file query_21.txt (compact mmCIF, C-alpha atoms)
# COMPACT_ATOMS: atom_id res chain seq x y z
CA MET O 1 7.24 24.03 -7.88
CA SER O 2 10.14 23.15 -10.13
CA TYR O 3 10.45 19.74 -11.69
CA SER O 4 13.55 17.63 -12.21
CA ASP O 5 14.20 15.48 -15.25
CA ASN O 6 12.72 12.51 -13.48
CA PRO O 7 8.92 12.85 -13.37
CA LEU O 8 8.61 9.94 -10.96
CA GLU O 9 10.85 11.62 -8.40
CA ASP O 10 8.88 14.85 -8.85
CA ILE O 11 5.64 13.12 -8.01
CA ILE O 12 7.15 11.28 -5.05
CA SER O 13 8.64 14.51 -3.75
CA ALA O 14 5.36 16.41 -4.10
CA THR O 15 3.41 13.61 -2.45
CA THR O 16 5.69 13.26 0.54
CA LYS O 17 5.65 17.01 1.09
CA GLY O 18 1.87 17.06 1.07
CA ALA O 19 1.87 19.51 -1.82
CA THR O 20 -1.74 20.21 -2.69
CA LYS O 21 -0.45 22.72 -5.18
CA GLY O 22 1.59 19.94 -6.70
CA PHE O 23 -1.55 17.88 -7.07
CA LEU O 24 -3.25 20.64 -8.98
CA GLU O 25 -0.31 20.72 -11.36
CA TRP O 26 -0.26 16.97 -11.88
CA SER O 27 -1.35 15.92 -15.27
CA ASP O 28 -2.77 12.61 -16.29
CA SER O 29 0.60 11.71 -17.80
CA LYS O 30 2.35 12.19 -14.45
CA ILE O 31 -0.13 9.95 -12.73
CA SER O 32 0.43 7.45 -15.52
CA ASN O 33 4.19 7.58 -14.83
CA LEU O 34 3.47 6.73 -11.22
CA ILE O 35 1.32 3.80 -12.28
CA LYS O 36 3.99 2.66 -14.71
CA ALA O 37 6.57 2.55 -11.90
CA PHE O 38 4.03 0.69 -9.80
CA LYS O 39 3.40 -1.90 -12.49
CA ASN O 40 7.17 -2.35 -12.91
CA LYS O 41 7.27 -3.19 -9.19
CA LYS O 42 9.47 -0.22 -8.44
CA LEU O 43 6.84 1.36 -6.23
CA ALA O 44 4.23 0.39 -3.64
CA PHE O 45 1.79 2.73 -1.94
CA ILE O 46 1.29 2.76 1.79
CA GLU O 47 -0.62 5.05 4.10
CA ASP O 48 2.03 5.08 6.77
CA ASN O 49 5.46 3.47 7.12
CA GLU O 50 5.03 2.98 10.84
CA PHE O 51 3.64 -0.56 10.65
CA ILE O 52 6.11 -1.68 8.00
CA ASN O 53 9.10 -0.59 10.09
CA ARG O 54 7.69 -2.15 13.25
CA ILE O 55 6.93 -5.43 11.53
CA LYS O 56 10.37 -5.59 9.95
CA GLN O 57 11.93 -5.24 13.39
CA GLN O 58 9.64 -7.84 14.92
CA ARG O 59 10.41 -10.37 12.22
CA LYS O 60 14.08 -10.26 13.19
CA LYS O 61 13.35 -11.19 16.79
CA GLY O 62 13.42 -14.61 18.36
CA GLU O 63 9.79 -14.32 19.43
CA TRP O 64 8.72 -14.29 15.80
CA ALA O 65 10.69 -17.44 15.00
CA PHE O 66 9.15 -19.11 18.02
CA PHE O 67 5.67 -17.95 17.04
CA LYS O 68 6.06 -19.25 13.50
CA THR O 69 7.16 -22.64 14.75
CA TYR O 70 3.92 -23.19 16.59
CA THR O 71 1.52 -21.10 14.50
CA PRO O 72 1.51 -21.98 10.81
CA TYR O 73 0.81 -19.10 8.43
CA LYS O 74 -2.73 -20.17 7.64
CA LYS O 75 -3.61 -20.01 11.32
CA PHE O 76 -3.26 -16.21 11.12
CA ASP O 77 -6.76 -16.19 9.65
CA VAL O 78 -8.96 -14.03 11.86
CA LYS O 79 -11.91 -13.70 9.52
CA MET Y 80 14.36 -6.65 -5.69
CA THR Y 81 13.11 -4.34 -2.93
CA THR Y 82 10.22 -2.13 -3.93
CA LYS Y 83 10.31 1.51 -2.94
CA LEU Y 84 7.51 2.61 -0.61
CA LEU Y 85 5.60 5.78 -1.34
CA THR Y 86 3.71 7.17 1.65
CA ILE Y 87 0.36 8.43 0.51
CA LYS Y 88 -0.73 9.80 3.88
CA GLU Y 89 -0.56 13.40 2.66
CA MET Y 90 -1.89 12.60 -0.78
CA PRO Y 91 -5.24 14.27 -1.53
CA LYS Y 92 -8.12 11.81 -1.59
CA GLU Y 93 -8.94 12.74 -5.17
CA LEU Y 94 -5.47 11.67 -6.26
CA LYS Y 95 -5.71 8.40 -4.35
CA ILE Y 96 -8.96 7.70 -6.17
CA ALA Y 97 -7.36 8.62 -9.51
CA LEU Y 98 -4.54 6.18 -8.74
CA ILE Y 99 -6.74 3.24 -7.88
CA LYS Y 100 -8.92 3.91 -10.92
CA LYS Y 101 -5.84 3.46 -13.07
CA LEU Y 102 -5.39 0.11 -11.37
CA GLY Y 103 -8.90 -1.05 -12.14
CA TYR Y 104 -10.49 -0.10 -8.84
CA ASN Y 105 -12.82 2.69 -7.82
CA SER Y 106 -14.05 4.43 -4.69
CA ASP Y 107 -17.23 5.84 -3.24
CA GLY Y 108 -15.16 8.39 -1.37
CA LYS Y 109 -14.72 6.22 1.68
CA TYR Y 110 -14.12 2.62 0.58
CA VAL Y 111 -12.17 1.00 -2.22
CA LEU Y 112 -14.53 -0.56 -4.76
CA LYS Y 113 -13.97 -3.43 -7.14
CA ASN Y 114 -16.62 -4.13 -9.78
CA GLY Y 115 -18.93 -1.72 -8.01
CA LYS Y 116 -18.70 -3.52 -4.67
CA LYS Y 117 -16.73 -2.67 -1.54
CA TYR Y 118 -13.36 -4.39 -1.68
CA LYS Y 119 -12.23 -6.62 1.19
CA ASP Y 120 -8.78 -7.06 2.67
CA LYS Y 121 -7.97 -10.72 1.99
CA TYR Y 122 -6.30 -11.24 5.36
CA ILE Y 123 -8.79 -9.75 7.79
CA GLY Y 124 -11.95 -9.73 5.71
CA GLU Y 125 -12.65 -6.07 6.36
CA PHE Y 126 -13.49 -3.50 3.70
CA VAL Y 127 -10.49 -1.40 2.71
CA ARG Y 128 -10.84 2.32 3.23
CA ILE Y 129 -9.41 4.83 0.80
CA ASN Y 130 -7.58 6.60 3.63
CA ASN Y 131 -5.92 3.44 4.97
CA MET Y 132 -4.63 1.46 2.01
CA PHE Y 133 -1.53 -0.50 1.28
CA ILE Y 134 -1.12 -1.17 -2.41
CA TYR Y 135 1.50 -3.61 -3.66
CA PRO Y 136 2.20 -4.37 -7.31
CA GLY Y 137 2.26 -7.82 -8.79
CA SER Y 138 -1.36 -8.73 -8.98
CA THR Y 139 -2.22 -5.29 -7.59
CA ILE Y 140 -2.82 -6.26 -4.03
CA ILE Y 141 -4.74 -3.77 -1.93
CA ILE Y 142 -4.93 -4.47 1.79
CA ASP Y 143 -5.78 -2.52 4.89
CA ASN Y 144 -2.85 -0.71 6.45
CA ASN Y 145 -2.79 -2.60 9.77
CA PRO Y 146 -0.10 -4.77 11.39
CA LEU Y 147 -1.91 -8.09 10.95
CA SER Y 148 -2.59 -7.61 7.26
CA ILE Y 149 0.95 -6.45 6.59
CA SER Y 150 2.44 -9.33 8.60
CA SER Y 151 0.28 -11.76 6.65
CA PHE Y 152 1.42 -10.13 3.44
CA TYR Y 153 5.06 -10.65 4.44
CA GLU Y 154 4.39 -14.28 5.21
CA GLU Y 155 2.80 -14.84 1.86
CA PHE Y 156 5.13 -12.83 -0.35
CA GLY Y 157 8.36 -12.63 1.66
CA ASP Y 158 10.51 -9.58 2.33
CA VAL Y 159 9.75 -7.81 -0.92
CA ILE Y 160 9.28 -4.39 0.70
call {"tool": "encode", "arguments": {"input": "query_21.txt", "output": "structure tokens"}}
result
Amino acid sequence: MSYSDNPLEDIISATTKGATKGFLEWSDSKISNLIKAFKNKKLAFIEDNEFINRIKQQRKKGEWAFFKTYTPYKKFDVK
Amino acid sequence: MTTKLLTIKEMPKELKIALIKKLGYNSDGKYVLKNGKKYKDKYIGEFVRINNMFIYPGSTIIIDNNPLSISSFYEEFGDVI
């Protein structure tokens, strides 16, 4: 696996390709770079984009605006 | 500022654990731990599993990767992702 000049992009690329080999080559400093980007709010970690994309689409729809009118945020509580 | 999303679905569990350890969390191999105890999603009150996390920076928010939690996150923090 060849690395570019941007260690963050290397890690993202290896992660999205499911590169177990890449994991074995990752050093503590590379993980630290990932965390640094995270702490700078450049990066968030999610298991699957499916829900994010679906929710973004739903929030644009009229049903969501209607729902929000009659269901205040705090009422979402299902605990 | 829109934060870039990194899908960790294919990430080995060991690396996920290494990541959350850097953020002050831990894992027993199945659940996310905070201060030695299983960590709860603030929106649904369920324990967050290591293989179903959503981690957002700021105050290092870890929630369960489900539609309700993510919708609640959007309502609280806006369209930051």
call {"tool": "residues_around", "arguments": {"input": "query_21.txt", "residues": "range 146-148 of chain Y", "least_positions_apart": "3", "cutoff": "9 Å", "atoms": "all atoms listed in the file", "output": "PyMOL selection string"}}
result
(chain O and resi 51-52+54-55+76) or (chain Y and resi 120-123+142-143+151-153)
call {"tool": "residues_around", "arguments": {"input": "query_21.txt", "residues": "Thr82 in chain Y", "least_positions_apart": "6", "cutoff": "6 Å", "atoms": "all atoms listed in the file", "output": "compact mmCIF listing (two decimals) with C-alpha atoms, keeping the file's coordinate frame"}}
result
# COMPACT_ATOMS: atom_id res chain seq x y z
CA LYS O 42 9.47 -0.22 -8.44
CA LEU O 43 6.84 1.36 -6.23
CA ILE Y 160 9.28 -4.39 0.70
call {"tool": "closest_residue", "arguments": {"input": "query_21.txt", "among": "Y:Leu84, Y:Ile134, Y:Leu98, Y:Glu154", "to": "Asn53 in chain O", "atoms": "all atoms listed in the file"}}
result
Y:Leu84
call {"tool": "interface_residues", "arguments": {"input": "query_21.txt", "of": "chain Y", "to": "chain O", "cutoff": "8 Å", "atoms": "only C-alpha atoms", "output": "number ranges by chain"}}
result
Y: 81-91, 94, 98, 101-102, 122-124, 130-137, 144-146, 149-151, 154
call {"tool": "closest_residue", "arguments": {"input": "query_21.txt", "among": "Y:Arg128, Y:Thr139, Y:Lys119, Y:Gly157", "to": "Gly103 in chain Y", "atoms": "only C-alpha atoms"}}
result
Y:Thr139
call {"tool": "residues_near_point", "arguments": {"input": "query_21.txt", "point": "(-16.8, 3.1, 0.7)", "cutoff": "12 Å", "atoms": "only C-alpha atoms", "output": "ChimeraX atom specification"}}
result
/Y:96,104-113,115-119,125-131
call {"tool": "atom_distance", "arguments": {"input": "query_21.txt", "atom1": "CA of Glu155 in chain Y", "atom2": "CA of Ile141 in chain Y"}}
result
13.9 Å
call {"tool": "atom_distance", "arguments": {"input": "query_21.txt", "atom1": "CA of Tyr70 in chain O", "atom2": "CA of Val159 in chain Y"}}
result
24.0 Å
call {"tool": "atom_distance", "arguments": {"input": "query_21.txt", "atom1": "CA of Ala65 in chain O", "atom2": "CA of Asp158 in chain Y"}}
result
14.9 Å
